[in-house]
$ cat start.txt   # compact mmCIF, C-alpha atoms and all ligand atoms
# COMPACT_ATOMS: atom_id res chain seq x y z
CA MET A 1 135.73 293.09 179.59
CA THR A 2 133.94 290.41 177.58
CA ALA A 3 136.57 288.06 178.93
CA LEU A 4 135.65 288.98 182.50
CA VAL A 5 131.94 288.46 181.84
CA GLY A 6 132.69 285.14 180.19
CA GLU A 7 134.92 284.01 183.02
CA ALA A 8 132.38 284.93 185.68
CA ALA A 9 129.54 283.40 183.66
CA ALA A 10 131.45 280.15 183.32
CA ALA A 11 131.78 280.06 187.09
CA ASP A 12 128.05 280.50 187.53
CA GLU A 13 125.42 279.97 184.89
CA THR A 14 122.41 280.08 187.17
CA ALA A 15 122.23 283.75 188.18
CA SER A 16 118.66 284.89 187.73
CA LEU A 17 118.73 288.65 188.21
CA LYS A 18 120.70 290.44 185.53
CA GLY A 19 123.12 293.25 186.21
CA GLY A 20 122.98 296.67 184.59
CA ARG A 21 120.97 299.85 184.72
CA MET A 22 118.43 298.66 182.12
CA ALA A 23 117.46 295.65 184.21
CA ALA A 24 117.37 297.89 187.29
CA GLU A 25 115.00 300.38 185.66
CA LYS A 26 112.74 297.55 184.57
CA ALA A 27 112.59 296.24 188.14
CA LEU A 28 111.95 299.74 189.46
CA ALA A 29 109.09 300.33 187.01
CA ALA A 30 107.41 297.17 188.32
CA ILE A 31 107.24 298.09 192.02
CA ASP A 32 103.85 298.45 193.68
CA PRO A 33 104.15 300.05 197.15
CA ILE A 34 100.48 299.43 198.03
CA ALA A 35 100.58 295.72 197.23
CA TYR A 36 103.97 295.64 198.98
CA ALA A 37 102.52 296.91 202.25
CA ALA A 38 99.78 294.28 202.14
CA SER A 39 101.86 291.24 201.22
CA ARG A 40 105.58 291.82 201.83
CA ASN A 41 105.81 289.31 204.68
CA HIS A 42 104.83 286.44 202.41
CA LEU A 43 107.45 284.64 200.35
CA ASP A 44 105.30 285.16 197.26
CA GLY A 45 104.37 288.74 198.24
CA ALA A 46 104.97 291.88 196.17
CA VAL A 47 108.58 292.36 197.26
CA THR A 48 110.69 294.27 194.76
CA ARG A 49 114.01 292.38 194.38
CA LEU A 50 115.70 295.75 194.02
CA SER A 51 118.36 294.82 196.58
CA PRO A 52 121.20 293.89 194.18
CA TYR A 53 120.70 297.17 192.30
CA LEU A 54 120.64 299.23 195.50
CA ARG A 55 123.64 297.35 196.89
CA HIS A 56 125.76 298.24 193.87
CA GLY A 57 124.53 301.82 193.55
CA ILE A 58 122.93 301.04 190.18
CA LEU A 59 119.85 302.65 191.75
CA SER A 60 120.00 305.11 194.65
CA LEU A 61 117.71 304.94 197.67
CA ASP A 62 116.67 308.49 196.80
CA GLU A 63 115.44 307.68 193.30
CA VAL A 64 113.66 304.51 194.42
CA ARG A 65 111.87 306.48 197.14
CA ASN A 66 110.97 309.27 194.69
CA HIS A 67 109.59 306.70 192.27
CA ALA A 68 107.54 305.06 195.04
CA LEU A 69 106.09 308.42 196.12
CA ALA A 70 105.19 309.30 192.53
CA SER A 71 103.24 306.05 192.19
CA VAL A 72 100.83 306.68 195.11
CA ALA A 73 98.22 309.34 195.86
CA ASP A 74 99.25 309.80 199.50
CA PRO A 75 102.83 309.36 200.78
CA ARG A 76 101.53 307.22 203.63
CA GLN A 77 100.57 304.54 201.10
CA ALA A 78 104.27 304.13 200.36
CA GLU A 79 105.38 304.40 203.99
CA LYS A 80 105.90 300.69 204.64
CA PHE A 81 108.08 300.37 201.55
CA ILE A 82 110.04 303.55 202.29
CA GLN A 83 110.59 302.37 205.85
CA GLU A 84 112.23 299.22 204.48
CA LEU A 85 114.47 301.37 202.28
CA ALA A 86 115.35 303.26 205.46
CA TRP A 87 116.68 300.03 206.98
CA ARG A 88 119.37 300.08 204.32
CA ASP A 89 120.19 303.72 205.05
CA TYR A 90 120.33 302.92 208.78
CA TRP A 91 122.72 299.97 208.39
CA GLN A 92 124.96 301.98 206.03
CA ARG A 93 125.22 304.77 208.61
CA ILE A 94 126.31 302.28 211.26
CA TYR A 95 128.86 300.82 208.84
CA LEU A 96 130.43 304.25 208.36
CA VAL A 97 130.45 305.30 212.02
CA HIS A 98 131.16 301.90 213.62
CA PRO A 99 132.98 299.69 211.08
CA ASP A 100 134.12 297.49 213.99
CA ARG A 101 130.51 296.31 214.45
CA ILE A 102 130.50 294.50 211.12
CA TRP A 103 132.46 291.49 212.39
CA ASN A 104 132.43 291.91 216.20
CA ASP A 105 129.52 291.24 218.54
CA VAL A 106 127.91 294.62 219.23
CA GLU A 107 126.56 293.27 222.55
CA SER A 108 126.71 289.88 224.24
CA TYR A 109 124.30 287.08 223.32
CA LYS A 110 121.00 287.14 225.25
CA THR A 111 120.57 283.40 224.86
CA GLY A 112 122.10 282.20 228.10
CA PHE A 113 125.27 281.19 226.22
CA GLU A 114 128.66 282.85 225.92
CA ALA A 115 130.03 283.56 222.44
CA SER A 116 132.69 280.87 223.13
CA GLU A 117 129.96 278.23 223.38
CA TYR A 118 129.07 278.67 219.71
CA ASP A 119 130.84 276.78 216.89
CA SER A 120 132.93 278.92 214.64
CA GLU A 121 132.16 276.92 211.51
CA LEU A 122 129.01 275.95 209.67
CA PRO A 123 128.19 272.24 209.89
CA ALA A 124 128.82 270.38 206.61
CA ASP A 125 125.19 269.31 206.26
CA ALA A 126 124.10 272.96 206.23
CA VAL A 127 126.73 273.84 203.61
CA ASP A 128 125.47 270.89 201.55
CA GLY A 129 121.83 271.84 202.05
CA ARG A 130 121.13 268.45 203.62
CA THR A 131 120.18 269.24 207.20
CA GLY A 132 117.18 266.93 207.06
CA VAL A 133 114.86 269.82 207.95
CA ALA A 134 112.83 270.03 204.74
CA CYS A 135 112.03 273.74 204.56
CA ILE A 136 115.53 274.74 205.64
CA ASP A 137 117.04 272.60 202.89
CA GLN A 138 114.72 274.22 200.37
CA PHE A 139 115.78 277.71 201.46
CA ILE A 140 119.44 276.73 201.16
CA ALA A 141 118.79 275.39 197.66
CA MET A 142 117.09 278.69 196.73
CA LEU A 143 120.07 280.63 198.01
CA TYR A 144 122.45 278.57 195.88
CA GLU A 145 120.24 278.56 192.78
CA THR A 146 119.20 282.20 192.65
CA GLY A 147 121.42 284.25 194.98
CA TYR A 148 118.23 285.75 196.37
CA LEU A 149 116.14 284.97 199.43
CA HIS A 150 113.04 286.67 200.75
CA ASN A 151 113.66 288.49 204.05
CA HIS A 152 111.73 285.84 205.99
CA ALA A 153 113.74 282.99 204.48
CA ARG A 154 116.92 284.85 205.48
CA MET A 155 115.63 285.18 209.04
CA TYR A 156 114.64 281.51 209.19
CA LEU A 157 118.01 280.31 207.89
CA ALA A 158 119.97 282.64 210.15
CA ALA A 159 117.97 281.62 213.23
CA TYR A 160 118.32 277.94 212.37
CA VAL A 161 122.10 278.23 212.01
CA VAL A 162 122.68 280.32 215.14
CA HIS A 163 120.08 278.97 217.55
CA TRP A 164 119.32 275.40 216.46
CA ARG A 165 122.88 274.56 215.44
CA ARG A 166 124.57 276.95 217.87
CA VAL A 167 126.97 278.39 215.32
CA ARG A 168 128.46 281.88 215.67
CA TRP A 169 126.63 284.38 213.48
CA GLN A 170 129.90 285.35 211.77
CA ALA A 171 130.13 281.94 210.07
CA GLY A 172 126.61 282.30 208.72
CA ALA A 173 127.25 285.87 207.62
CA VAL A 174 130.24 284.82 205.49
CA TRP A 175 128.13 282.04 203.95
CA PHE A 176 125.43 284.53 202.92
CA LEU A 177 127.95 287.09 201.66
CA GLU A 178 129.44 284.51 199.34
CA HIS A 179 126.11 283.56 197.78
CA LEU A 180 123.75 286.55 197.90
CA LEU A 181 123.60 288.81 194.87
CA ASP A 182 122.84 291.74 197.17
CA ALA A 183 125.56 290.74 199.67
CA ASP A 184 126.25 293.77 201.81
CA PRO A 185 128.47 293.67 204.90
CA ALA A 186 126.24 296.11 206.78
CA SER A 187 122.72 294.86 205.89
CA ASN A 188 123.83 291.23 206.11
CA ASN A 189 126.08 291.13 209.15
CA LEU A 190 124.00 293.46 211.27
CA SER A 191 120.87 291.46 210.40
CA TRP A 192 122.67 288.28 211.49
CA GLN A 193 123.53 290.07 214.75
CA TRP A 194 119.89 291.06 215.12
CA VAL A 195 118.82 287.41 214.78
CA ALA A 196 121.60 286.22 217.08
CA SER A 197 120.67 288.80 219.77
CA THR A 198 124.07 290.49 219.78
CA PHE A 199 122.35 293.55 218.32
CA SER A 200 118.82 293.19 219.70
CA LYS A 201 117.07 292.61 223.01
CA LYS A 202 116.32 288.93 222.49
CA PRO A 203 117.13 286.14 220.04
CA TYR A 204 114.85 285.79 217.01
CA ILE A 205 113.31 282.33 216.68
CA PHE A 206 110.44 280.95 214.59
CA ASN A 207 108.45 277.75 214.39
CA LEU A 208 106.87 275.63 211.68
CA ASP A 209 103.49 277.37 212.05
CA ASN A 210 105.20 280.64 211.19
CA VAL A 211 106.86 279.15 208.11
CA ALA A 212 103.53 277.66 207.00
CA LYS A 213 101.82 281.03 207.48
CA TYR A 214 104.21 282.92 205.20
CA THR A 215 105.10 280.37 202.54
CA GLY A 216 103.14 278.76 199.71
CA HIS A 217 102.67 275.14 198.69
CA ASP A 218 106.11 274.96 197.11
CA ILE A 219 107.70 274.89 200.58
CA ASN A 220 107.43 271.61 202.46
CA THR A 221 105.97 272.41 205.88
CA ARG A 222 104.89 268.87 206.79
CA MET A 223 105.46 268.19 210.45
CA ALA A 224 107.12 264.85 209.81
CA ASP A 225 109.73 266.50 207.59
CA ASN A 226 110.48 269.43 209.92
CA ARG A 227 110.41 267.90 213.40
CA VAL A 228 112.79 270.31 215.13
CA LEU A 229 110.65 273.29 214.09
CA ALA A 230 107.27 271.73 214.86
CA LEU A 231 107.00 272.98 218.44
CA SER A 232 105.40 275.80 220.39
CA TYR A 233 107.47 278.92 221.08
CA GLU A 234 107.46 278.05 224.77
CA ARG A 235 108.87 274.58 224.15
CA LEU A 236 111.40 275.89 221.65
CA GLY A 237 112.55 278.47 224.18
CA GLU A 238 113.17 275.73 226.75
CA LEU A 239 115.02 273.54 224.26
CA LEU A 240 117.12 276.19 222.55
CA PHE A 241 117.87 278.39 225.57
CA PRO A 242 117.91 276.04 228.57
CA ASN A 243 119.96 278.46 230.68
CA LEU A 244 117.39 281.23 230.45
CA GLU A 245 114.61 281.75 232.98
CA PRO A 246 111.37 280.57 231.36
CA ALA A 247 109.31 283.49 230.07
CA HIS A 248 106.17 284.09 232.09
CA GLY A 249 102.85 285.25 230.77
CA MET B 1 142.42 321.00 185.76
CA ALA B 2 142.02 317.39 184.57
CA ASP B 3 139.89 314.96 186.55
CA LEU B 4 139.62 311.20 186.73
CA ILE B 5 136.79 309.18 188.31
CA TRP B 6 137.34 305.91 190.15
CA LEU B 7 134.05 304.02 190.22
CA HIS B 8 133.86 301.06 192.58
CA GLU B 9 131.30 298.30 193.08
CA GLY B 10 129.15 300.41 195.42
CA ALA B 11 128.32 303.12 192.87
CA LEU B 12 127.82 301.63 189.42
CA ARG B 13 125.72 304.23 187.61
CA ARG B 14 126.28 307.24 185.38
CA THR B 15 123.80 309.36 187.34
CA HIS B 16 125.92 309.20 190.51
CA PRO B 17 126.81 312.78 191.62
CA VAL B 18 130.50 311.92 191.13
CA PHE B 19 129.98 312.52 187.38
CA ALA B 20 128.42 315.96 187.94
CA ALA B 21 131.30 316.87 190.27
CA ALA B 22 133.86 316.13 187.54
CA ALA B 23 134.62 318.19 184.45
CA PRO B 24 132.39 317.22 181.49
CA GLY B 25 133.67 314.21 179.60
CA THR B 26 135.92 313.00 182.44
CA ALA B 27 136.97 309.37 182.06
CA ALA B 28 135.74 306.85 184.64
CA ILE B 29 137.77 303.81 185.63
CA PHE B 30 136.85 300.58 187.35
CA VAL B 31 139.55 298.40 188.87
CA TRP B 32 138.78 294.69 188.94
CA ASP B 33 140.53 294.07 192.24
CA ARG B 34 140.56 290.32 192.87
CA ALA B 35 142.23 290.62 196.26
CA ARG B 36 139.61 293.07 197.53
CA PHE B 37 136.83 290.90 196.10
CA ALA B 38 138.26 287.84 197.86
CA ALA B 39 138.65 289.65 201.17
CA GLY B 40 135.05 290.91 200.85
CA HIS B 41 133.71 287.39 200.09
CA VAL B 42 132.42 288.46 196.66
CA GLY B 43 131.21 285.21 195.11
CA ALA B 44 131.09 284.16 191.45
CA ARG B 45 127.46 285.15 191.01
CA ARG B 46 128.06 288.69 192.24
CA GLN B 47 131.14 288.97 190.08
CA LEU B 48 129.03 288.14 187.05
CA PHE B 49 126.42 290.70 188.11
CA ILE B 50 129.08 293.38 188.50
CA ALA B 51 130.67 292.45 185.15
CA GLU B 52 127.29 292.69 183.39
CA THR B 53 126.74 296.10 184.94
CA LEU B 54 130.18 297.30 183.86
CA ALA B 55 129.63 296.06 180.31
CA GLU B 56 126.60 298.32 180.05
CA LEU B 57 128.41 301.28 181.64
CA GLU B 58 131.11 301.23 178.96
CA ILE B 59 133.94 302.44 181.17
CA GLU B 60 137.64 301.72 181.26
CA ILE B 61 138.47 298.59 183.24
CA HIS B 62 141.83 297.62 184.67
CA GLU B 63 142.77 294.59 186.68
CA GLY B 64 144.93 294.66 189.81
CA ASP B 65 145.28 296.33 193.17
CA ALA B 66 143.35 299.61 193.03
CA ALA B 67 145.72 301.28 195.48
CA VAL B 68 148.70 300.50 193.23
CA LEU B 69 147.03 301.07 189.84
CA LEU B 70 145.24 304.33 190.48
CA PRO B 71 148.30 306.54 190.98
CA GLN B 72 149.64 305.12 187.68
CA LEU B 73 146.33 305.73 185.91
CA VAL B 74 146.06 309.26 187.29
CA ALA B 75 149.52 309.96 185.87
CA ALA B 76 148.69 308.31 182.53
CA HIS B 77 145.56 310.47 182.23
CA GLY B 78 147.49 313.59 183.24
CA ALA B 79 144.91 314.17 185.95
CA ASN B 80 145.42 316.27 189.05
CA ARG B 81 142.16 315.37 190.78
CA LEU B 82 140.74 311.93 191.50
CA LEU B 83 137.02 311.76 192.32
CA VAL B 84 135.62 308.73 194.15
CA PRO B 85 132.03 307.94 195.19
CA ALA B 86 131.97 308.01 199.00
CA SER B 87 131.87 304.52 200.53
CA PRO B 88 131.59 303.14 204.06
CA ASP B 89 133.70 300.12 203.06
CA PRO B 90 136.91 300.18 205.15
CA ALA B 91 138.79 298.40 202.34
CA ILE B 92 137.99 301.21 199.90
CA ILE B 93 138.64 303.87 202.55
CA GLY B 94 142.03 302.25 203.20
CA GLN B 95 142.88 302.22 199.49
CA ILE B 96 141.97 305.91 199.22
CA ALA B 97 144.38 306.66 202.07
CA THR B 98 147.15 304.69 200.34
CA ILE B 99 146.50 306.50 197.04
CA ARG B 100 146.65 309.89 198.78
CA GLN B 101 150.02 309.01 200.26
CA ALA B 102 151.35 307.81 196.91
CA MET B 103 150.46 311.06 195.12
CA PRO B 104 150.28 313.95 197.59
CA GLN B 105 150.20 316.46 194.72
CA VAL B 106 146.84 315.10 193.46
CA ALA B 107 143.55 315.97 195.19
CA VAL B 108 141.52 312.88 196.06
CA GLU B 109 137.91 313.78 196.78
CA GLN B 110 135.01 311.60 197.88
CA VAL B 111 131.61 312.51 196.49
CA GLU B 112 128.48 311.58 198.48
CA ASP B 113 125.51 309.95 196.77
CA THR B 114 122.23 311.91 196.71
CA ALA B 115 120.86 311.87 200.24
CA PHE B 116 117.96 309.62 201.24
CA VAL B 117 117.04 311.80 204.21
CA THR B 118 118.08 315.21 205.49
CA LEU B 119 118.66 315.27 209.25
CA PRO B 120 119.47 318.32 211.35
CA ARG B 121 122.07 316.38 213.35
CA GLU B 122 123.64 312.91 213.49
CA PRO B 123 120.86 310.50 214.47
CA ASP B 124 120.99 308.08 217.41
CA LEU B 125 121.89 304.75 215.78
CA ALA B 126 121.45 302.55 218.85
CA ARG B 127 118.19 301.08 217.52
CA PHE B 128 116.41 301.45 214.16
CA PHE B 129 113.28 303.12 215.48
CA ARG B 130 115.23 305.88 217.18
CA TYR B 131 116.70 306.71 213.78
CA TRP B 132 113.36 306.24 211.97
CA ASN B 133 111.47 308.56 214.34
CA LYS B 134 113.84 311.35 213.34
CA ALA B 135 114.12 310.39 209.66
CA ARG B 136 110.49 309.55 208.82
CA LYS B 137 109.25 313.00 207.86
CA SER B 138 112.11 313.64 205.48
CA ALA B 139 112.03 310.09 204.09
CA LEU B 140 108.40 310.50 203.03
CA ARG B 141 109.15 313.63 200.98
CA PRO B 142 110.50 313.58 197.40
CA HIS B 143 114.29 313.93 197.48
CA GLY B 144 114.19 313.61 201.27
CA VAL B 145 114.23 317.36 201.75
C1 LIG C 301 120.08 287.34 207.90
C2 LIG C 301 119.78 288.45 206.92
C3 LIG C 301 120.73 288.82 205.98
C4 LIG C 301 120.49 289.87 205.08
N1 LIG C 301 121.45 290.20 204.17
C5 LIG C 301 121.26 291.24 203.33
C6 LIG C 301 122.25 291.63 202.39
O1 LIG C 301 123.34 291.05 202.32
N2 LIG C 301 121.98 292.66 201.55
C7 LIG C 301 120.79 293.34 201.60
O2 LIG C 301 120.60 294.27 200.80
N3 LIG C 301 119.84 293.01 202.49
C8 LIG C 301 120.03 291.99 203.36
N4 LIG C 301 119.04 291.63 204.25
C9 LIG C 301 117.83 292.47 204.35
C10 LIG C 301 116.63 292.05 203.51
O3 LIG C 301 116.32 290.70 203.74
C11 LIG C 301 116.85 292.27 202.02
O4 LIG C 301 117.29 293.60 201.77
C12 LIG C 301 115.59 292.05 201.21
O5 LIG C 301 115.03 290.80 201.48
C13 LIG C 301 115.91 292.18 199.72
O6 LIG C 301 114.83 291.83 198.92
P1 LIG C 301 113.94 292.88 198.16
O7 LIG C 301 114.79 293.79 197.34
O8 LIG C 301 112.90 292.12 197.42
O9 LIG C 301 113.34 293.70 199.36
P2 LIG C 301 112.07 294.65 199.53
O10 LIG C 301 111.30 294.13 200.67
O11 LIG C 301 111.37 294.84 198.23
O12 LIG C 301 112.72 296.03 200.02
C14 LIG C 301 113.17 297.06 199.16
C15 LIG C 301 114.60 297.42 199.50
O13 LIG C 301 114.70 297.90 200.83
C16 LIG C 301 115.92 297.47 201.43
N5 LIG C 301 115.61 296.60 202.57
C17 LIG C 301 114.45 295.96 202.83
N6 LIG C 301 114.51 295.31 204.02
C18 LIG C 301 115.74 295.55 204.50
C19 LIG C 301 116.41 295.16 205.69
N7 LIG C 301 115.82 294.42 206.64
N8 LIG C 301 117.69 295.56 205.86
C20 LIG C 301 118.31 296.34 204.93
N9 LIG C 301 117.71 296.74 203.79
C21 LIG C 301 116.45 296.35 203.58
C22 LIG C 301 116.66 296.65 200.37
O14 LIG C 301 117.61 297.47 199.73
C23 LIG C 301 115.56 296.25 199.43
O15 LIG C 301 115.99 296.04 198.12
C24 LIG C 301 119.26 290.58 205.15
C25 LIG C 301 118.30 290.20 206.10
C26 LIG C 301 118.56 289.15 206.97
C27 LIG C 301 117.50 288.77 207.99

$ encode --input "start.txt" --output "structure tokens"
Amino acid sequence: MTALVGEAAAADETASLKGGRMAAEKALAAIDPIAYAASRNHLDGAVTRLSPYLRHGILSLDEVRNHALASVADPRQAEKFIQELAWRDYWQRIYLVHPDRIWNDVESYKTGFEASEYDSELPADAVDGRTGVACIDQFIAMLYETGYLHNHARMYLAAYVVHWRRVRWQAGAVWFLEHLLDADPASNNLSWQWVASTFSKKPYIFNLDNVAKYTGHDINTRMADNRVLALSYERLGELLFPNLEPAHG
Amino acid sequence: MADLIWLHEGALRRTHPVFAAAAPGTAAIFVWDRARFAAGHVGARRQLFIAETLAELEIEIHEGDAAVLLPQLVAAHGANRLLVPASPDPAIIGQIATIRQAMPQVAVEQVEDTAFVTLPREPDLARFFRYWNKARKSALRPHGV
């Protein structure tokens, strides 16, 4: 056993979150569902980082929910947090009933492109974290350094890969699975499909204003360093999805 | 009746109901299955995390193909029932099927984790909010009852 830990540790000395039930209980004791509801969309918000423990069954969704309820006066104060836990339950149910949806497009892309028009491999500059888009490169570095990304950073990276670089979501999903500490085929792949629009009504895109709104000063959101993101949603829609009818209104 | 527990990387805790379903003192085994890890894209960082978790759990660890090793381990432990935490992972489900075939005389039972929500019938999974509208009430109650 010690040999296994040693071998894995030698392969990666940068992991930040520690495994084990003790570390999980410590993280659970620190959650604050009220602060979570107010700030969870921000990269420095009161998110819990419980995902690796939930992914590996070190904590159950049931006990995390019970703990959240016990820490508030009214269950509704914990509703936002419990609803996020429910996302995990929802994806796991799909995994069990429709395992084929984990790697196949659930629906077709609603981007004006066929699946065959997307590259099946990640571009080398994305793998290297040197796309030249400053905030994207920072998110890639975070992924490699910590194995954790805030939900928004995951959405930004996934959208960048699929819609700006026109890469099939499957390639991005494998990339995340290999690096995330909470890597879960259901939560990960179905979220990639949600961003891609193969499991949602429309593609998810973002712009630099959105990144600036939800990140702190540690993320470079200067226009000059993030040109391809520094556009209005209307303009981005025209550039990224030229085959689609322009949205009115 | 002697039991054996096969813990996998989706259920790494002693409070999982699989332990309550087994006879007191039943041994639990983890199989470090490199081929399944590789097929599931389990990277080095996650392997370390899993190894740290196992070190704290203090359970028996074997290395190899779970589908091949478990029938041998069941025999070595003189067990006639193998209990496994239920998993949606098709790789684990496939290994359970292979194990069943290899030792038809041994009962292989999957044990569900404690439920997050209690639903009267299978929910509509087409979109999250269809599920949430049905699950919300139960989700906001302790133990999801
Ligand atoms: C492209 C993409 C890939 C993702 N890949 C994964 C993955 O591999 N594994 C994973 O667990 N989550 C994944 N998520 C969902 C979500 O981003 C993470 O669960 C969350 O950011 C984990 O951080 P946290 O524990 O601080 O979350 P918190 O916001 O504190 O939430 C608490 C818990 O609720 C669950 N949860 C919250 N949001 C979601 C969600 N949208 N989907 C599923 N569960 C959720 C998680 O178990 C999480 O630990 C992905 C999202 C996207 C957009």

$ residues_near_ligand --input "start.txt" --ligand "ligand LIG 301 (chain C)" --cutoff "8 Å" --atoms "all atoms listed in the file" --output "PyMOL selection string"
chain A and resi 36+40+46-55+61+81-91+148-158+173+176-177+180-192+194-195

$ closest_residue --input "start.txt" --among "B:Ala126, B:Leu119, B:Leu82, B:Leu48" --to "chain A" --atoms "only C-alpha atoms"
B:Leu48

$ residues_around --input "start.txt" --residues "range 103-113 of chain A" --least-positions-apart "3" --cutoff "7 Å" --atoms "only C-alpha atoms" --output "JSON, numbers by chain"
{"A": [100, 117, 170, 196, 197, 198, 199, 202, 203, 241, 243, 244]}

$ write_last_selection --input "start.txt" --atoms "C-alpha atoms" --output "mmCIF file, keeping the file's coordinate frame"
data_model
loop_
_atom_site.group_PDB
_atom_site.id
_atom_site.type_symbol
_atom_site.label_atom_id
_atom_site.label_comp_id
_atom_site.auth_asym_id
_atom_site.auth_seq_id
_atom_site.Cartn_x
_atom_site.Cartn_y
_atom_site.Cartn_z
ATOM 1 C CA ASP A 100 134.120 297.490 213.990
ATOM 2 C CA GLU A 117 129.960 278.230 223.380
ATOM 3 C CA GLN A 170 129.900 285.350 211.770
ATOM 4 C CA ALA A 196 121.600 286.220 217.080
ATOM 5 C CA SER A 197 120.670 288.800 219.770
ATOM 6 C CA THR A 198 124.070 290.490 219.780
ATOM 7 C CA PHE A 199 122.350 293.550 218.320
ATOM 8 C CA LYS A 202 116.320 288.930 222.490
ATOM 9 C CA PRO A 203 117.130 286.140 220.040
ATOM 10 C CA PHE A 241 117.870 278.390 225.570
ATOM 11 C CA ASN A 243 119.960 278.460 230.680
ATOM 12 C CA LEU A 244 117.390 281.230 230.450
#

$ closest_residue --input "start.txt" --among "A:Ser120, A:Ser232, A:Ser60, A:Ser39" --to "Arg165 in chain A" --atoms "only C-alpha atoms"
A:Ser120

$ residues_near_point --input "start.txt" --point "(148.7, 307.2, 190.2)" --cutoff "12 Å" --atoms "all atoms listed in the file" --output "JSON, numbers by chain"
{"B": [4, 6, 65, 66, 67, 68, 69, 70, 71, 72, 73, 74, 75, 76, 77, 78, 79, 80, 81, 82, 96, 98, 99, 100, 101, 102, 103, 104, 105, 106, 107, 108]}

$ interface_residues --input "start.txt" --of "chain B" --to "chain A" --cutoff "6 Å" --atoms "all atoms listed in the file" --output "ChimeraX atom specification"
/B:9-13,41-46,48-49,51-53,88,116,142-143

$ residues_around --input "start.txt" --residues "Val133 in chain A" --least-positions-apart "4" --cutoff "7 Å" --atoms "only C-alpha atoms" --output "list in words"
Asp137, Asp225 and Asn226 of chain A

$ write_last_selection --input "start.txt" --atoms "C-alpha atoms" --output "tab-separated table (two decimals), in the frame of the given file"
chain	number	residue	atom	x	y	z
A	137	ASP	CA	117.04	272.60	202.89
A	225	ASP	CA	109.73	266.50	207.59
A	226	ASN	CA	110.48	269.43	209.92

$ atom_distance --input "start.txt" --atom1 "CA of Ile205 in chain A" --atom2 "CA of Phe129 in chain B"
20.8 Å

$ atom_distance --input "start.txt" --atom1 "CA of Ala115 in chain B" --atom2 "CA of Pro85 in chain B"
12.9 Å

$ residues_near_point --input "start.txt" --point "(129.8, 281.3, 213.8)" --cutoff "6 Å" --atoms "all atoms listed in the file" --output "list of chain:residue names"
A:Asp119, A:Ser120, A:Glu121, A:Val167, A:Arg168, A:Trp169, A:Gln170, A:Ala171

$ atom_distance --input "start.txt" --atom1 "CA of Ala115 in chain A" --atom2 "CA of Trp164 in chain A"
14.7 Å
